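Inspection log for the structure reproduced underneath, given as structure tokens.
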Amino acid sequence: MKVITSHNNADFDSLSSMVAAKKLYPDAFLVFPGSQEKTLREFLIHSTLYVYDIAKMKNIDYEALDTLILVDTRQKTRIGEFAKIVDNGKVKVHVYDHHPPSKEDVKGEIEVIRHTGASVTILISILKEKGIPITPEEATIMMLGIYEETGSFLFPSTTTEDFEAASFLLSKGANVNLVSDMLVKEITPEQVFLLNDLINNATSYNINGIDIVIAEGSTENYVGDLAVIVHKFRDMENINVVFALFRMEDRVYIIGRSRIPEVDAGHILSLFGGGGHKEAASATVKDMTIIEAREMLTEHLKHNVKPLWMARDIMFFPVKSIDADALIEDARVLMVKYNINALPVLHNDTVTGIITRQIVGKAVFHKLENIPVREYMSTESFTVSEDDSIEKVKEIIIGNNQRFLPVVKEGRLIGAITRTDLLRVLEDEISKAVFGKLETHDLYQKQKNVKKLMEERIEESTLQKLIDIGSLADSVGYHAFLVGGFVRDLLMRIDITDIDIVIEGDGVIFAEEMAKAFKVKVRPHKEFATAKVIYPDNFKIDIATARLEYYKSPAALPTVEHSSLKLDLHRRDFTINTLSIALNRHTFGQLIDFYGAQRDIKEKTIRVLHSLSFVEDPTRVFRAIRFEHRFGFQIGKHTLNLIKNAIKMGFLTKIKGKRIWTELSLILIEEAPEKILKRLQDLDLLRFISSYLTFDKEKEKLFLRMHDVYKWYELLYKGTPCDKLQYHVLGLVDHMKAEEIAVFCKKTEMTEHLRGQTIDNMMKIRETMTQLSYGMYTIKKSDFYRLYDRLSVEGRLFIMARTRSEEIKKSISNYITYSDTYKPFLTGGDLKNMGIKEGPVYKEILENLKEAKIDANLKTREEETAFVRRYIDERGITLG
């Protein structure tokens, strides 16, 4: 038995090649090894022009199979179950393919492999050569394959042989109108949405001197025919090289298109397990965020794109050098004579280091001119070969701040590159590197500037402070950026609070410059490279040096090093917190979005930047859920899976109490903490805070009542605020025993003050509720007030929410509303004027007066005076 098959996700070139092969092997069965592209599926369902008996994989008798004919592929990984057949050595394999070779290729007994735009072109030439007749229906199907695979003869991969094959098919009656109807279709609304995503999320990278566009699209549901979207995007923007990443469901799909020989799309996407041609390829990635996929793609591009510029193209030669045994004075003379700032140091004609004019000058100052150069040369310098790419040159000169770069061949010095040389030939790329690490944001639309939004949403005095900071940054040669939550909240048009500014430079030095320029106070934290700036009006701004963090172990505190803005933002928890706004004069208001934050804000989704985010810092789990409910967002599928994995792997058990308490306290002061706590309960996260914590339905109802009581008190506004954190802590520990509360407070490492408040408040609350339950209908109104006097504001409000008794609620409500009206008019001075001798008796009289005012409803000073006179008479208190 013979079988003709092609690759998974078959397209029209696959079908047309199979139909053509059937003419060569008339007794063979046609079998698809897996799925087909959407347009091909629709053709197979609706076509009435040509019906082939296509067999199903499950109906194939593998034991009877003796010949396997592969068309439009020879990669073992792309032929499904047939891969097992070719390994057994019992089946003959015939191959007809136009793809470039790969390590996974199947070796055929017969192989016809040629570089054509379409695989069917190869088979058509064989049919033509053998004189095998073709019907108009067969010619139409084969024409579909050529048109689709060559992009209607517009792709660079198109060859003269493809044109000849199409001409031959036309002579055999191929219906070009049908071909046009099948291949030229309006894109769907879902595809339009993704196309818009690509346009808005396009970034141009200059890699090895070649501009490569990487664009991103995102949707929760699967959308087919991604290649159509990419072609539309490429043609609209006239792009030579584009890689489009689509996040759909739990996968990332990558489509690559290249019009230039320096970028082999097929090879690059084969590194992701995909495949294709130099001009067109695709890959599917699992278990990776779109950010991680993009970063991996850029790394592959850096190492696999053929450079337009190489070191030999910009180096100068010959190069002045000095021997390692020469003296410092010799180096000084050479530098002065030839006006040069650096010399490569040679030993046996091999570069061993670099000596700079700065080092030579200092050595001479310290009377060391007769010491050999080898003693003070820099040995931690890099070299490049003449064939190294311009990208490597940039990494060393810009990334490692090495101003002089020797070029060597087999260890021998053949040239050198200075920073000035690089500036001359790559001025534009260097400027991009300074501001955006060789990235141009929003290349295909005007760069987004939010200056007008800032003017609308930020107070004039605050905005002026930001303008002044940008101008100061210009004057000291730094770059200043607004970052984090401030920018996020600005774009979301919600209340803006704390201002954080990142400096590309030294943040502490910049804060000191602010102190000189603006007469502000500075509190530096040099160990963290940060500072708090306090203006005369008590307005505060946090200044930080752009830095990166790395974690030596899961859940450990981060180690911090100086870095760039991009790496500083990459250390942040979620994409929505990675936005920044430039403050320097010429770029003021420019929005910078490295990681797709605008898209995720639009989609209302919380996503991490990389898959190890919760491993490095498990407290981000609590933050994700807090942000989810604060903003009404949802946690992305992949991010939620990572949270569940962190729980399963036990990373949250490694968090120290104080860090957990920080996250819990932030949750408890949110607008609706009950929603967050319920989500924590559902995800089984409360146990990592304390084994005593629970949030069942009864607790949820309690928190909802607490929420209503808190809002009532806020509207009442009695002047004494309710501490929201303390209030909700009471709700958390309400079900615990006294000793469990003490353990909970200790384990979470809450402040001593709050710990004492919590234990004391719960003790008084429980005592008060016990007394109320027994004496509600027997004690006087003033006795109620005496009970409530000993409680904190939080304790009173908590009892109101906790009790089911309407009488108790009413009595506390009356106390809160009217207690300040029961303060007596009379004071100790009045008692003295009445002739009462000073002493402890004053306190006794005033307390009894207050009780009488509450119980007897005394309303005037005269009534109070009359009560006091009666009281001292009844008690026999003598007048002084």
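Going by the structure tokens order, chains are called A, B, ..., each with residues numbered from 1, while ligands are numbered from 1 in the order shown.
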Go through stretch 226-313 of chain A residue by residue and, counting only C-alpha atoms, keep those with an atom at most 10 Å from stretch 102-123 of chain A; for each kept residue give the shortest atom pair and its distance in Å to one decimal, ordered by chain and increasing number, as CSV.
```
residue,atom,partner,partner_atom,distance
A:Gly266,CA,A:Ser102,CA,9.9
A:His267,CA,A:Ser102,CA,8.6
A:Ser270,CA,A:Ser102,CA,8.8
A:Gly275,CA,A:Ser102,CA,9.1
A:His277,CA,A:Gly117,CA,9.4
A:Glu279,CA,A:Gly117,CA,9.9
```
Show which residues sit within 12 Å of A:Ser157, as an MDAnalysis selection string. Count only C-alpha atoms, and ignore same-chain residues fewer than 2 positions away.
-> chainID A and resid 98:100 114:119 146 149:155 159:163 257:261 264 276:280
Export of the given selection (C-alpha atoms) as a PDB file, in the first residue's frame:
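What landed in out.pdb:
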```
ATOM      1  CA  HIS A  98      11.200  22.803  -1.707  1.00  0.00           C
ATOM      2  CA  HIS A  99      12.163  23.567   1.912  1.00  0.00           C
ATOM      3  CA  PRO A 100      15.763  24.141   3.004  1.00  0.00           C
ATOM      4  CA  ARG A 114      14.576  22.007  -5.618  1.00  0.00           C
ATOM      5  CA  HIS A 115      14.466  25.663  -4.581  1.00  0.00           C
ATOM      6  CA  THR A 116      11.079  26.789  -5.922  1.00  0.00           C
ATOM      7  CA  GLY A 117       8.409  29.080  -4.557  1.00  0.00           C
ATOM      8  CA  ALA A 118       5.940  26.179  -4.215  1.00  0.00           C
ATOM      9  CA  SER A 119       6.382  22.430  -3.828  1.00  0.00           C
ATOM     10  CA  ILE A 146       1.269  28.090  -6.466  1.00  0.00           C
ATOM     11  CA  GLU A 149       2.727  29.753  -1.566  1.00  0.00           C
ATOM     12  CA  THR A 150       4.230  32.524  -3.729  1.00  0.00           C
ATOM     13  CA  GLY A 151       1.890  35.251  -2.473  1.00  0.00           C
ATOM     14  CA  SER A 152       0.443  35.608  -5.957  1.00  0.00           C
ATOM     15  CA  PHE A 153       4.048  35.688  -7.299  1.00  0.00           C
ATOM     16  CA  LEU A 154       5.031  38.591  -5.014  1.00  0.00           C
ATOM     17  CA  PHE A 155       7.180  36.720  -2.478  1.00  0.00           C
ATOM     18  CA  THR A 159      11.213  31.510  -9.195  1.00  0.00           C
ATOM     19  CA  THR A 160      10.903  31.412 -13.002  1.00  0.00           C
ATOM     20  CA  GLU A 161       9.914  27.765 -12.634  1.00  0.00           C
ATOM     21  CA  ASP A 162       6.807  28.826 -10.668  1.00  0.00           C
ATOM     22  CA  PHE A 163       5.744  31.183 -13.478  1.00  0.00           C
ATOM     23  CA  ARG A 257       8.309  37.036   7.146  1.00  0.00           C
ATOM     24  CA  SER A 258      11.544  38.226   5.511  1.00  0.00           C
ATOM     25  CA  ARG A 259      12.219  39.910   2.181  1.00  0.00           C
ATOM     26  CA  ILE A 260      15.999  40.048   2.581  1.00  0.00           C
ATOM     27  CA  PRO A 261      18.621  37.267   2.532  1.00  0.00           C
ATOM     28  CA  ASP A 264      16.395  33.526   7.471  1.00  0.00           C
ATOM     29  CA  GLY A 276       9.338  27.079   7.050  1.00  0.00           C
ATOM     30  CA  HIS A 277      11.356  28.903   4.406  1.00  0.00           C
ATOM     31  CA  LYS A 278      13.891  31.683   4.571  1.00  0.00           C
ATOM     32  CA  GLU A 279      11.113  34.066   3.551  1.00  0.00           C
ATOM     33  CA  ALA A 280       8.189  32.654   5.566  1.00  0.00           C
TER      34      ALA A 280
END
```
Write out as a ChimeraX atom specification which residues come within 12 Å of A:Ala624 when counting only C-alpha atoms, dropping same-chain ones fewer than 6 positions away.
-> /A:573-577,605-608,613-614,617-618,630-636,639-640,642-643,663,667,676,679-680
Go through A:Phe486, A:Phe651, A:Phe539, A:Tyr338 and flag the residue nearest A:Leu579, using only C-alpha atoms for the distances.
-> A:Phe486
Å distance separating atom CA of A:Val709 from atom CA of A:Met800, one decimal place |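 Computed distance, atom CA of A:Val709 to atom CA of A:Met800, equals 7.2 Å.
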Separation of atom CA of A:Leu565 and atom CA of A:Asn584, in Å?
->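 Answer for the atom CA of A:Leu565 to atom CA of A:Asn584 separation: 13.8 Å.
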Check stretch 75-250 of chain A with DSSP on the backbone and list each residue it calls strand (DSSP E), as a ChimeraX atom specification.
-> /A:92-97,110-113,202-207,210-219,241-248
What residues in stretch 350-588 of chain A get the DSSP label alpha helix (DSSP H)? Please answer as a ChimeraX atom specification.
-> /A:357-365,390-394,419-425,427-436,451-457,460-476,485-492,507-518,565-570
Looking at only C-alpha atoms, which of A:Ser180, A:Ser690, A:Asp97, A:Lys780 is the one that sits closest to A:Ala856?
->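 Looking at the shortest contact to A:Ala856, the residue is A:Lys780.
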Near-A:Ser691 list (10 Å; only C-alpha atoms; drop same-chain fewer than 3 positions) as a PyMOL selection string | chain A and resi 686-688+694+740+744
Within 12 Å of A:Leu271 using only C-alpha atoms, minus same-chain residues under 5 positions, as a list of chain:residue names = A:Ser102, A:Lys103, A:Ile254, A:Asp264, A:Ala265, A:Gly266, A:Gly276, A:Ala281, A:Ser282, A:Ala283, A:Thr284, A:Val285, A:Ala293, A:Met296, A:Leu297, A:Glu299, A:His300, A:Leu301, A:His303, A:Asn304
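Atom CA of A:Ile355 to atom CA of A:Arg312 spans 22.7 Å [interatomic distance, one decimal].
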Of the candidates A:Thr350, A:Ser811, A:Thr865, A:Thr298, which one gets nearest to A:Asp323 if we count only C-alpha atoms?
->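 Among A:Thr350, A:Ser811, A:Thr865, A:Thr298, it is A:Thr350 that comes nearest to A:Asp323.
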Nearest to A:Phe784 by atom-to-atom distance, counting only C-alpha atoms, from A:Ile854, A:Ile845, A:Ala83, A:Val476 =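 Ranking A:Ile854, A:Ile845, A:Ala83, A:Val476 by distance to A:Phe784, first place goes to A:Ile854.
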Which one is closest to A:Gly589: A:Glu249, A:Glu455, A:Asp855, A:Glu807? Count only C-alpha atoms.
-> A:Glu455
Could you name the residues that touch stretch 868-880 of chain A at 9 Å or less, counting only C-alpha atoms, but leaving out those on the same chain fewer than 4 positions away, as a list in words?
->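 Selected residues are Leu831, Lys832, Met834, Gly835, Ile836, Lys837, Glu838, Val841, Ile845, Leu846, Asn848, Leu849, Glu863 and Glu864 of chain A.
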